[in-house]
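Source file: coords.cif; contents: mmCIF, C-alpha atoms.
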```
data_input
#
loop_
_atom_site.label_atom_id
_atom_site.label_comp_id
_atom_site.auth_asym_id
_atom_site.auth_seq_id
_atom_site.Cartn_x
_atom_site.Cartn_y
_atom_site.Cartn_z
CA MET A 1 8.65 54.60 -188.35
CA SER A 2 5.18 56.04 -188.83
CA THR A 3 4.66 59.75 -188.23
CA TYR A 4 1.80 62.22 -188.17
CA PRO A 5 -1.01 61.84 -189.18
CA ALA A 6 -0.81 58.04 -188.83
CA ILE A 7 0.34 58.56 -185.24
CA ARG A 8 -1.69 61.03 -183.22
CA PRO A 9 -0.82 60.81 -179.46
CA ARG A 10 -3.85 62.98 -178.74
CA ARG A 11 -6.21 60.17 -179.77
CA SER A 12 -5.81 58.44 -176.41
CA ARG A 13 -6.38 61.74 -174.57
CA ALA A 14 -9.56 62.70 -176.40
CA THR A 15 -12.04 61.29 -173.86
CA ALA A 16 -12.14 60.91 -170.09
CA TRP A 17 -12.62 57.12 -170.21
CA SER A 18 -9.61 56.74 -172.50
CA ARG A 19 -7.46 58.94 -170.29
CA ARG A 20 -8.36 56.70 -167.34
CA LEU A 21 -7.59 53.59 -169.38
CA HIS A 22 -4.15 54.84 -170.40
CA ALA A 23 -3.12 56.26 -167.03
CA GLU A 24 0.35 54.98 -166.11
CA THR A 25 0.10 55.90 -162.42
CA VAL A 26 -2.82 55.32 -160.07
CA LEU A 27 -3.44 57.18 -156.82
CA THR A 28 -5.85 55.76 -154.22
CA PRO A 29 -6.58 56.39 -150.52
CA ALA A 30 -4.47 53.29 -149.79
CA ASP A 31 -1.40 55.30 -150.83
CA LEU A 32 -1.82 57.80 -147.98
CA ILE A 33 -0.54 58.05 -144.42
CA TRP A 34 -2.22 60.73 -142.27
CA PRO A 35 0.04 62.59 -139.80
CA LEU A 36 -1.81 63.66 -136.64
CA PHE A 37 -0.77 65.69 -133.61
CA VAL A 38 -1.87 64.53 -130.18
CA VAL A 39 -2.23 66.73 -127.09
CA GLU A 40 -3.23 66.14 -123.47
CA GLY A 41 -6.82 66.67 -122.31
CA GLN A 42 -10.33 65.63 -123.18
CA GLY A 43 -12.42 67.11 -125.96
CA VAL A 44 -9.49 69.27 -127.07
CA GLU A 45 -8.97 70.56 -130.61
CA GLU A 46 -6.21 73.16 -130.96
CA PRO A 47 -5.86 74.57 -134.51
CA VAL A 48 -2.27 75.09 -135.63
CA ALA A 49 -2.15 78.65 -136.98
CA SER A 50 0.66 78.02 -139.47
CA LEU A 51 -1.06 74.86 -140.76
CA PRO A 52 -4.58 75.94 -141.79
CA GLY A 53 -6.98 73.04 -141.41
CA VAL A 54 -4.66 71.05 -139.11
CA SER A 55 -5.25 70.71 -135.37
CA ARG A 56 -3.81 69.03 -132.32
CA TRP A 57 -6.29 66.51 -130.90
CA SER A 58 -6.74 64.98 -127.47
CA LEU A 59 -7.04 61.19 -127.33
CA ASP A 60 -10.76 61.14 -128.01
CA GLY A 61 -10.23 63.28 -131.09
CA ILE A 62 -7.38 61.08 -132.27
CA VAL A 63 -9.64 58.04 -131.98
CA ALA A 64 -12.31 59.86 -134.00
CA ARG A 65 -9.72 60.61 -136.68
CA GLY A 66 -8.75 56.93 -136.63
CA ARG A 67 -12.34 55.94 -137.37
CA GLU A 68 -12.44 58.59 -140.10
CA ALA A 69 -9.27 57.16 -141.65
CA ARG A 70 -10.78 53.67 -141.60
CA ASP A 71 -13.97 54.87 -143.29
CA LEU A 72 -12.00 56.77 -145.94
CA GLY A 73 -9.75 53.83 -146.76
CA ILE A 74 -6.59 55.43 -145.37
CA PRO A 75 -4.51 52.50 -144.11
CA CYS A 76 -2.19 54.19 -141.63
CA ILE A 77 -1.93 57.11 -139.19
CA ALA A 78 1.34 58.73 -138.10
CA LEU A 79 1.40 60.19 -134.58
CA PHE A 80 3.38 63.15 -133.23
CA PRO A 81 3.01 64.34 -129.62
CA TYR A 82 2.76 67.84 -128.20
CA THR A 83 4.61 67.32 -124.91
CA PRO A 84 3.78 69.72 -122.06
CA ALA A 85 6.67 71.96 -121.00
CA HIS A 86 6.90 70.44 -117.53
CA LEU A 87 7.60 67.01 -119.05
CA ARG A 88 10.41 68.22 -121.31
CA SER A 89 13.99 67.78 -120.12
CA ASP A 90 17.51 68.06 -121.45
CA ASP A 91 17.70 64.27 -121.75
CA GLY A 92 14.17 63.77 -123.12
CA ARG A 93 13.45 61.06 -120.55
CA GLU A 94 9.67 61.30 -121.10
CA ALA A 95 10.23 59.51 -124.42
CA LEU A 96 10.98 56.36 -122.38
CA ASN A 97 7.80 56.55 -120.27
CA PRO A 98 5.56 53.62 -121.28
CA ASP A 99 2.55 55.71 -120.29
CA ASN A 100 3.53 58.87 -122.12
CA LEU A 101 1.12 60.68 -124.43
CA MET A 102 2.34 58.88 -127.54
CA CYS A 103 1.95 55.42 -126.00
CA ARG A 104 -1.51 56.22 -124.67
CA ALA A 105 -2.54 57.45 -128.11
CA VAL A 106 -1.24 54.26 -129.72
CA ARG A 107 -3.18 52.10 -127.28
CA ALA A 108 -6.35 54.13 -127.76
CA LEU A 109 -6.16 53.78 -131.54
CA LYS A 110 -5.39 50.07 -131.52
CA ASP A 111 -8.26 49.45 -129.09
CA ALA A 112 -10.74 51.45 -131.18
CA VAL A 113 -9.65 50.77 -134.78
CA PRO A 114 -7.18 47.87 -134.79
CA GLU A 115 -7.46 47.59 -138.57
CA VAL A 116 -5.76 50.99 -139.03
CA GLY A 117 -1.97 50.93 -138.89
CA VAL A 118 -0.19 53.21 -136.42
CA LEU A 119 3.22 54.70 -137.22
CA THR A 120 5.17 56.34 -134.40
CA ASP A 121 7.94 58.90 -134.57
CA VAL A 122 11.21 57.83 -132.92
CA ALA A 123 13.21 60.95 -132.02
CA LEU A 124 13.75 63.02 -128.90
CA ASP A 125 12.87 66.52 -130.16
CA PRO A 126 9.26 66.46 -128.86
CA TYR A 127 10.64 65.67 -125.39
CA THR A 128 13.74 67.87 -125.04
CA THR A 129 14.08 71.40 -123.74
CA HIS A 130 16.62 72.24 -126.47
CA GLY A 131 14.57 71.02 -129.44
CA HIS A 132 17.18 68.62 -130.81
CA ASP A 133 16.46 65.05 -131.87
CA GLY A 134 19.12 63.68 -129.53
CA LEU A 135 21.22 64.24 -126.45
CA VAL A 136 23.46 67.30 -126.46
CA ASP A 137 26.95 67.60 -124.93
CA ALA A 138 28.46 70.63 -123.22
CA ALA A 139 29.58 72.04 -126.57
CA GLY A 140 26.06 71.81 -128.01
CA TYR A 141 26.88 68.83 -130.25
CA VAL A 142 24.25 66.09 -130.59
CA VAL A 143 26.03 62.92 -129.49
CA ASN A 144 25.35 59.86 -131.59
CA ASP A 145 25.80 56.65 -129.62
CA ALA A 146 24.16 57.70 -126.36
CA THR A 147 21.23 59.08 -128.37
CA ALA A 148 20.90 55.84 -130.31
CA GLU A 149 20.66 53.86 -127.09
CA GLN A 150 17.86 56.10 -125.87
CA LEU A 151 16.05 55.76 -129.18
CA VAL A 152 16.09 51.99 -128.71
CA GLY A 153 14.21 52.41 -125.43
CA GLN A 154 11.77 54.81 -127.05
CA ALA A 155 11.05 52.38 -129.89
CA LEU A 156 10.51 49.53 -127.43
CA VAL A 157 7.89 51.36 -125.35
CA GLN A 158 6.08 52.35 -128.55
CA ALA A 159 6.15 48.78 -129.84
CA ALA A 160 4.88 47.48 -126.51
CA ALA A 161 2.00 49.98 -126.71
CA GLY A 162 0.99 48.51 -130.07
CA ALA A 163 2.79 50.55 -132.72
CA ASP A 164 2.80 48.79 -136.08
CA ILE A 165 5.64 50.85 -137.57
CA VAL A 166 8.37 52.71 -135.70
CA ALA A 167 9.91 55.48 -137.78
CA PRO A 168 13.26 56.82 -136.55
CA SER A 169 13.45 60.41 -137.78
CA ASP A 170 16.57 61.40 -135.82
CA MET A 171 19.29 60.61 -138.40
CA MET A 172 21.72 59.10 -135.88
CA ASP A 173 24.22 56.63 -137.32
CA GLY A 174 23.62 52.96 -136.51
CA ARG A 175 20.28 53.32 -134.79
CA ILE A 176 18.35 51.11 -137.23
CA GLY A 177 20.44 48.04 -136.43
CA LEU A 178 20.18 48.66 -132.70
CA ILE A 179 16.40 49.11 -132.86
CA ARG A 180 15.92 46.06 -135.08
CA GLY A 181 17.93 43.89 -132.71
CA ALA A 182 16.02 45.15 -129.68
CA LEU A 183 12.66 44.57 -131.36
CA GLU A 184 13.63 41.00 -132.24
CA ARG A 185 14.83 40.26 -128.72
CA GLY A 186 11.76 41.94 -127.23
CA GLY A 187 9.24 39.80 -129.09
CA HIS A 188 8.29 42.47 -131.65
CA ALA A 189 9.51 40.73 -134.79
CA ASN A 190 6.58 41.99 -136.89
CA VAL A 191 6.96 45.65 -135.96
CA GLN A 192 8.17 47.42 -139.08
CA ILE A 193 10.92 50.03 -139.22
CA MET A 194 10.39 52.88 -141.67
CA SER A 195 13.70 54.68 -141.64
CA TYR A 196 13.98 58.39 -142.32
CA ALA A 197 17.16 57.48 -144.20
CA ALA A 198 17.29 60.65 -146.28
CA LYS A 199 16.07 63.47 -144.06
CA TYR A 200 17.40 66.82 -145.13
CA ALA A 201 18.18 69.92 -143.05
CA SER A 202 15.32 71.76 -144.69
CA ALA A 203 13.70 75.18 -144.44
CA TYR A 204 10.29 73.52 -144.93
CA TYR A 205 9.81 72.26 -141.34
CA GLY A 206 8.70 75.48 -139.61
CA PRO A 207 4.95 74.81 -139.21
CA PHE A 208 5.65 71.31 -137.87
CA ARG A 209 7.74 72.83 -135.09
CA ASP A 210 4.76 74.99 -134.20
CA ALA A 211 2.56 71.90 -134.10
CA VAL A 212 4.80 69.96 -131.69
CA GLY A 213 5.82 73.02 -129.67
CA THR A 214 9.52 73.17 -130.50
CA ARG A 215 9.68 76.46 -132.40
CA GLY A 216 11.72 78.84 -130.27
CA LEU A 217 13.25 75.99 -128.27
CA LEU A 218 15.81 74.88 -130.83
CA LYS A 219 19.33 75.94 -129.90
CA GLY A 220 21.45 76.13 -133.04
CA ASP A 221 20.48 74.01 -136.03
CA LYS A 222 20.31 70.35 -137.04
CA LYS A 223 22.92 70.39 -139.80
CA THR A 224 25.33 68.06 -137.99
CA TYR A 225 22.88 65.17 -138.32
CA GLN A 226 20.30 66.01 -140.97
CA MET A 227 21.51 65.92 -144.58
CA ASP A 228 22.84 68.79 -146.69
CA PRO A 229 20.27 69.66 -149.40
CA ALA A 230 23.18 69.77 -151.88
CA ASN A 231 23.85 66.04 -151.55
CA ALA A 232 22.28 63.16 -153.47
CA GLU A 233 24.93 60.42 -153.45
CA GLU A 234 25.14 60.69 -149.67
CA ALA A 235 21.44 59.81 -149.52
CA LEU A 236 22.16 56.55 -151.34
CA ARG A 237 24.84 55.66 -148.78
CA GLU A 238 22.42 56.41 -145.95
CA VAL A 239 19.72 54.26 -147.54
CA ALA A 240 22.11 51.35 -148.16
CA LEU A 241 23.28 51.42 -144.55
CA ASP A 242 19.76 51.49 -143.11
CA LEU A 243 18.56 48.65 -145.34
CA ALA A 244 21.57 46.56 -144.34
CA GLU A 245 20.70 47.21 -140.67
CA GLY A 246 17.12 45.98 -141.05
CA ALA A 247 14.89 48.83 -142.27
CA ASP A 248 11.73 47.56 -143.96
CA SER A 249 11.05 50.76 -145.86
CA ILE A 250 12.70 54.10 -146.54
CA MET A 251 11.56 57.67 -146.02
CA VAL A 252 12.67 60.70 -148.01
CA LYS A 253 11.92 64.04 -146.35
CA PRO A 254 10.90 66.65 -147.46
CA GLY A 255 8.92 65.46 -150.43
CA LEU A 256 8.36 67.51 -153.58
CA PRO A 257 11.78 69.28 -153.62
CA TYR A 258 13.45 65.85 -153.36
CA LEU A 259 11.62 63.79 -155.98
CA ASP A 260 14.96 63.13 -157.65
CA ILE A 261 16.07 61.36 -154.47
CA VAL A 262 12.83 59.35 -154.34
CA ALA A 263 13.21 58.21 -157.96
CA THR A 264 16.89 57.35 -157.62
CA VAL A 265 16.38 55.38 -154.38
CA LYS A 266 13.51 53.42 -155.95
CA ARG A 267 15.52 52.55 -159.07
CA ARG A 268 18.67 51.66 -157.15
CA PHE A 269 17.24 49.58 -154.30
CA GLU A 270 13.77 48.42 -155.44
CA VAL A 271 12.36 48.70 -151.91
CA PRO A 272 9.28 50.49 -150.56
CA VAL A 273 10.01 54.23 -150.57
CA PHE A 274 7.82 56.79 -148.83
CA ALA A 275 7.93 60.56 -148.90
CA TYR A 276 6.75 63.08 -146.35
CA GLN A 277 4.94 66.04 -147.84
CA VAL A 278 6.09 68.19 -144.96
CA SER A 279 4.38 71.04 -143.17
CA GLY A 280 5.93 73.78 -145.28
CA GLU A 281 4.81 72.08 -148.48
CA TYR A 282 1.27 71.74 -147.15
CA ALA A 283 1.24 75.36 -145.96
CA MET A 284 2.36 76.65 -149.36
CA ILE A 285 -0.57 74.93 -151.07
CA GLU A 286 -2.96 76.38 -148.52
CA ALA A 287 -1.40 79.83 -148.90
CA ALA A 288 -1.79 79.64 -152.69
CA VAL A 289 -5.45 78.68 -152.27
CA ALA A 290 -6.03 81.52 -149.80
CA VAL A 291 -4.84 84.20 -152.26
CA GLY A 292 -6.58 82.69 -155.27
CA ALA A 293 -3.37 81.48 -156.95
CA GLY A 294 -4.72 77.95 -157.37
CA GLU A 295 -7.54 75.56 -156.56
CA ARG A 296 -7.01 73.16 -153.64
CA ASP A 297 -8.41 69.97 -155.15
CA PRO A 298 -6.33 69.82 -158.35
CA LEU A 299 -3.23 71.11 -156.55
CA VAL A 300 -3.48 68.38 -153.92
CA LEU A 301 -4.12 65.55 -156.36
CA GLU A 302 -1.47 66.64 -158.87
CA THR A 303 1.14 66.91 -156.13
CA LEU A 304 0.33 63.51 -154.67
CA MET A 305 0.36 61.95 -158.14
CA ALA A 306 3.87 63.35 -158.62
CA PHE A 307 5.04 61.40 -155.56
CA LYS A 308 3.53 58.18 -156.93
CA ARG A 309 4.97 58.79 -160.40
CA ALA A 310 8.44 59.26 -158.90
CA GLY A 311 8.20 55.83 -157.27
CA CYS A 312 6.62 56.30 -153.84
CA SER A 313 4.76 53.41 -152.30
CA GLY A 314 2.92 55.97 -150.18
CA VAL A 315 2.94 59.55 -148.97
CA LEU A 316 2.62 61.12 -145.54
CA THR A 317 0.44 64.16 -146.10
CA TYR A 318 -1.71 66.47 -143.99
CA HIS A 319 -4.09 66.51 -146.95
CA ALA A 320 -4.71 62.76 -146.54
CA ALA A 321 -8.36 62.94 -145.47
CA HIS A 322 -9.20 65.59 -148.05
CA ALA A 323 -7.45 63.66 -150.82
CA ALA A 324 -9.14 60.40 -149.80
CA ARG A 325 -12.55 62.06 -150.07
CA LEU A 326 -11.69 63.33 -153.55
CA LEU A 327 -10.39 59.95 -154.65
CA GLY A 328 -13.40 58.14 -153.24
CA ALA A 329 -15.94 60.45 -154.86
#
```
Could you quickly redo this structure as structure tokens?
Amino acid sequence: MSTYPAIRPRRSRATAWSRRLHAETVLTPADLIWPLFVVEGQGVEEPVASLPGVSRWSLDGIVARGREARDLGIPCIALFPYTPAHLRSDDGREALNPDNLMCRAVRALKDAVPEVGVLTDVALDPYTTHGHDGLVDAAGYVVNDATAEQLVGQALVQAAAGADIVAPSDMMDGRIGLIRGALERGGHANVQIMSYAAKYASAYYGPFRDAVGTRGLLKGDKKTYQMDPANAEEALREVALDLAEGADSIMVKPGLPYLDIVATVKRRFEVPVFAYQVSGEYAMIEAAVAVGAGERDPLVLETLMAFKRAGCSGVLTYHAAHAARLLGA
């Protein structure tokens, strides 16, 4: 085997054109999904204090962001509603309202920019008074089967509104099969299911709860249904179950601290795997930029490249529009 100086790995890194030619991983705007928060009103933009640069938008603003995504080459938007307090209830019944804020936002986007995909969150936490993703019994335990039935109804109203992908983020057992069956029977055979199959009980979700208005509402924690951060093999069982039930793609959440899960799922199952660069991850980058500990542009692109290198088909990131501008420059 030849050695130095016959072999010099630095030769291929000596020029910018050569580095581009030898790049093993490519990141483009088409790899991005842009999470957006929708709020009632007209002409409303409400900045989220714990997510610098992120706002809640009324429907007109959401439509404007949809057009922006189209122009930037971002293929898909993910929607999350800020439900007014008077519409929250213990049973989260507003999730089943075919004219709720989420459904109206879906219709507005599909009317204005039908070429942009719309992903909707399937979970009850934006609609409950207790902040949990499901229905809670007298002991405070989130009950599985009754919750799953309600999630089916939620997915159906979202699909009827025009959602292209429904994304159950609740972590109830068996809900993927129930939703897939209901979509087939309801005439929504082409609506995709992106399953949050490996969603961990993480400390990184705090700013998101500010954005959807659940911080301070949550009674207890979500450890009886979200995964233990100590567990990796359990994630593979969850993924296998959801794929068998009809999931089209898999979500790992959070993102960067769980790249080992992303890589293992991709190798094991060879299916589309997505990661959510969650609110706490985004906020840490912005905090580092604010104190001069790093530069935003290279931090954003390096982090997103790490997701692609680990095996992600795409990434949900609040930096989507910024990254797309950098990548399109």
* Distance in Å - CA of Arg56 in chain A versus CA of Val315 in chain A -> 20.3 Å
* Could you check which of A:Arg104, A:Lys308, A:Arg215, A:Arg325 is closest to Thr25 in chain A, using only C-alpha atoms? =>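 Between A:Arg104, A:Lys308, A:Arg215, A:Arg325, the residue approaching Thr25 in chain A most closely is A:Lys308.
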* Quick one: distance from CA of Arg70 in chain A to CA of Arg180 in chain A in Å, one decimal? -> 28.5 Å
Resolved residues for the PyMOL selection byres ((chain A and resi 41) around 9) as a PDB file with C-alpha atoms, in the frame of the given file:
```pdb
ATOM      1  CA  VAL A  39      -2.230  66.730-127.090  1.00  0.00           C
ATOM      2  CA  GLU A  40      -3.230  66.140-123.470  1.00  0.00           C
ATOM      3  CA  GLN A  42     -10.330  65.630-123.180  1.00  0.00           C
ATOM      4  CA  GLY A  43     -12.420  67.110-125.960  1.00  0.00           C
ATOM      5  CA  VAL A  44      -9.490  69.270-127.070  1.00  0.00           C
ATOM      6  CA  TRP A  57      -6.290  66.510-130.900  1.00  0.00           C
ATOM      7  CA  SER A  58      -6.740  64.980-127.470  1.00  0.00           C
ATOM      8  CA  LEU A  59      -7.040  61.190-127.330  1.00  0.00           C
ATOM      9  CA  ASP A  60     -10.760  61.140-128.010  1.00  0.00           C
TER      10      ASP A  60
END
```
* To do: Determine the residue set returned by the PyMOL selection byres ((chain A and resi 28) around 10) for the present structure, and present it as a PyMOL selection string.
  => chain A and resi 26-27+29-32+73-74+304-305+314+323-324+326-328
* Any idea what the distance is between CA of Val38 in chain A and CA of Ser313 in chain A? -> 25.6 Å
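Selection by the PyMOL selection byres ((chain A and resi 212) around 8) on the present file picks out Phe37, Phe80, Pro81, Tyr82, Thr83, Pro126, Phe208, Arg209, Asp210, Ala211, Gly213 and Thr214 of chain A.
Using all atoms listed in the file, the shortest contact distance between Asp90 in chain A and any of A:Val54, A:Ala189, A:Ala287, A:Leu135 is found at A:Leu135.
The nearest approach to Ala161 in chain A among the residues A:Asp173, A:Glu149, A:Asp133, A:Asp99, with all atoms listed in the file taken into account, belongs to A:Asp99.
Ranking A:Pro75, A:Gly92, A:Gly187, A:Gly255 by their shortest atom-to-atom distance to Glu115 in chain A, with all atoms listed in the file included, puts A:Pro75 first.
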* **Among the residues A:Pro9, A:Pro272, A:Gly246, A:Pro114, the one that comes closest to Asp164 in chain A [using all atoms listed in the file]** => A:Pro114
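Proximity of A:Ala23, A:Val278, A:Ala69, A:Leu151 to Gly206 in chain A, computed with all atoms listed in the file, is greatest for A:Val278.
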* Please work out which residues fall within 6 Å of (17.5, 56.1, -127.4), coordinates as given in the file, with only C-alpha atoms counting, and return them as a PyMOL selection string. => chain A and resi 147-154
* Within 12 Å of (17.8, 59.7, -146.1), in the coordinates the file gives, what residues turn up when you count only C-alpha atoms, written out as an NGL selection string? -> :A and (168-173 or 194-201 or 225-229 or 231-243 or 247 or 249-255 or 258 or 261-262 or 264-265 or 273-276)
Selection to disk with C-alpha atoms, as an mmCIF file, in the coordinates of the input:
```cif
data_model
loop_
_atom_site.group_PDB
_atom_site.id
_atom_site.type_symbol
_atom_site.label_atom_id
_atom_site.label_comp_id
_atom_site.auth_asym_id
_atom_site.auth_seq_id
_atom_site.Cartn_x
_atom_site.Cartn_y
_atom_site.Cartn_z
ATOM 1 C CA PRO A 168 13.260 56.820 -136.550
ATOM 2 C CA SER A 169 13.450 60.410 -137.780
ATOM 3 C CA ASP A 170 16.570 61.400 -135.820
ATOM 4 C CA MET A 171 19.290 60.610 -138.400
ATOM 5 C CA MET A 172 21.720 59.100 -135.880
ATOM 6 C CA ASP A 173 24.220 56.630 -137.320
ATOM 7 C CA MET A 194 10.390 52.880 -141.670
ATOM 8 C CA SER A 195 13.700 54.680 -141.640
ATOM 9 C CA TYR A 196 13.980 58.390 -142.320
ATOM 10 C CA ALA A 197 17.160 57.480 -144.200
ATOM 11 C CA ALA A 198 17.290 60.650 -146.280
ATOM 12 C CA LYS A 199 16.070 63.470 -144.060
ATOM 13 C CA TYR A 200 17.400 66.820 -145.130
ATOM 14 C CA ALA A 201 18.180 69.920 -143.050
ATOM 15 C CA TYR A 225 22.880 65.170 -138.320
ATOM 16 C CA GLN A 226 20.300 66.010 -140.970
ATOM 17 C CA MET A 227 21.510 65.920 -144.580
ATOM 18 C CA ASP A 228 22.840 68.790 -146.690
ATOM 19 C CA PRO A 229 20.270 69.660 -149.400
ATOM 20 C CA ASN A 231 23.850 66.040 -151.550
ATOM 21 C CA ALA A 232 22.280 63.160 -153.470
ATOM 22 C CA GLU A 233 24.930 60.420 -153.450
ATOM 23 C CA GLU A 234 25.140 60.690 -149.670
ATOM 24 C CA ALA A 235 21.440 59.810 -149.520
ATOM 25 C CA LEU A 236 22.160 56.550 -151.340
ATOM 26 C CA ARG A 237 24.840 55.660 -148.780
ATOM 27 C CA GLU A 238 22.420 56.410 -145.950
ATOM 28 C CA VAL A 239 19.720 54.260 -147.540
ATOM 29 C CA ALA A 240 22.110 51.350 -148.160
ATOM 30 C CA LEU A 241 23.280 51.420 -144.550
ATOM 31 C CA ASP A 242 19.760 51.490 -143.110
ATOM 32 C CA LEU A 243 18.560 48.650 -145.340
ATOM 33 C CA ALA A 247 14.890 48.830 -142.270
ATOM 34 C CA SER A 249 11.050 50.760 -145.860
ATOM 35 C CA ILE A 250 12.700 54.100 -146.540
ATOM 36 C CA MET A 251 11.560 57.670 -146.020
ATOM 37 C CA VAL A 252 12.670 60.700 -148.010
ATOM 38 C CA LYS A 253 11.920 64.040 -146.350
ATOM 39 C CA PRO A 254 10.900 66.650 -147.460
ATOM 40 C CA GLY A 255 8.920 65.460 -150.430
ATOM 41 C CA TYR A 258 13.450 65.850 -153.360
ATOM 42 C CA ILE A 261 16.070 61.360 -154.470
ATOM 43 C CA VAL A 262 12.830 59.350 -154.340
ATOM 44 C CA THR A 264 16.890 57.350 -157.620
ATOM 45 C CA VAL A 265 16.380 55.380 -154.380
ATOM 46 C CA VAL A 273 10.010 54.230 -150.570
ATOM 47 C CA PHE A 274 7.820 56.790 -148.830
ATOM 48 C CA ALA A 275 7.930 60.560 -148.900
ATOM 49 C CA TYR A 276 6.750 63.080 -146.350
#
```
* Asked: If you count only C-alpha atoms, which residues fall within 10 Å of Thr128 in chain A, apart from same-chain ones fewer than 4 positions away, as a list in words?
  ->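 Counting only the stated atoms, we get Thr83, Ala85, Leu87, Arg88, Ser89, Asp90, Asp91, Gly92, Arg93, Glu94, Ala95, Ala123, Leu124, His132, Asp133, Gly134, Leu135, Val136, Thr214, Leu217 and Leu218 of chain A.
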* Asked: Could you name the residues that touch Gly162 in chain A at 7 Å or less, counting all atoms listed in the file, but leaving out those on the same chain fewer than 3 positions away, as JSON, numbers by chain?
  -> {"A": [106, 107, 110, 158, 159]}
As JSON, what would the box around range 47-64 of chain A look like: edges along x, y and z, 4 Å added on every side, centre and edge lengths in Å to one decimal?
```
{"center_x": -5.8, "center_y": 68.3, "center_z": -134.6, "size_x": 21.0, "size_y": 28.6, "size_z": 22.5}
```
* To do: Might you pull out every residue within 12 Å of Met284 in chain A, with only C-alpha atoms counted and same-chain residues fewer than 2 positions away left off, and present them as a ChimeraX atom specification?
  => /A:50-52,204-207,256,277-282,286-291,293-294,296,299-300,303
Add whatever atoms are absent from range 90-95 of chain A to reach all heavy atoms, and provide the output as a short mmCIF file (atom, residue, chain, number, x, y, z; two decimals), in the coordinates of the input.
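Full text of rebuild-v5.cif as output:
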```cif
data_model
loop_
_atom_site.label_atom_id
_atom_site.label_comp_id
_atom_site.auth_asym_id
_atom_site.auth_seq_id
_atom_site.Cartn_x
_atom_site.Cartn_y
_atom_site.Cartn_z
N ASP A 90 16.33 68.08 -120.59
CA ASP A 90 17.51 68.06 -121.45
C ASP A 90 17.76 66.68 -122.04
O ASP A 90 18.24 66.56 -123.17
CB ASP A 90 18.75 68.52 -120.67
CG ASP A 90 18.75 70.02 -120.40
OD1 ASP A 90 17.92 70.73 -121.00
OD2 ASP A 90 19.60 70.49 -119.61
N ASP A 91 17.44 65.63 -121.26
CA ASP A 91 17.70 64.27 -121.75
C ASP A 91 16.47 63.60 -122.37
O ASP A 91 16.55 62.44 -122.78
CB ASP A 91 18.25 63.39 -120.62
CG ASP A 91 17.28 63.26 -119.43
OD1 ASP A 91 16.14 63.79 -119.51
OD2 ASP A 91 17.67 62.64 -118.43
N GLY A 92 15.35 64.31 -122.46
CA GLY A 92 14.17 63.77 -123.12
C GLY A 92 13.66 62.48 -122.51
O GLY A 92 13.09 61.63 -123.20
N ARG A 93 13.76 62.34 -121.21
CA ARG A 93 13.45 61.06 -120.55
C ARG A 93 11.98 60.66 -120.71
O ARG A 93 11.64 59.49 -120.62
CB ARG A 93 13.83 61.11 -119.07
CG ARG A 93 12.96 62.01 -118.20
CD ARG A 93 13.42 62.01 -116.75
NE ARG A 93 14.64 62.77 -116.60
CZ ARG A 93 14.69 64.06 -116.26
NH1 ARG A 93 13.56 64.72 -116.05
NH2 ARG A 93 15.83 64.70 -116.15
N GLU A 94 11.09 61.63 -120.95
CA GLU A 94 9.67 61.30 -121.10
C GLU A 94 9.44 60.39 -122.32
O GLU A 94 8.46 59.64 -122.35
CB GLU A 94 8.85 62.58 -121.24
CG GLU A 94 7.35 62.40 -121.44
CD GLU A 94 6.63 61.76 -120.24
OE1 GLU A 94 7.25 61.63 -119.16
OE2 GLU A 94 5.45 61.41 -120.40
N ALA A 95 10.36 60.40 -123.27
CA ALA A 95 10.23 59.51 -124.42
C ALA A 95 10.25 58.05 -124.01
O ALA A 95 9.72 57.19 -124.74
CB ALA A 95 11.37 59.78 -125.41
#
```
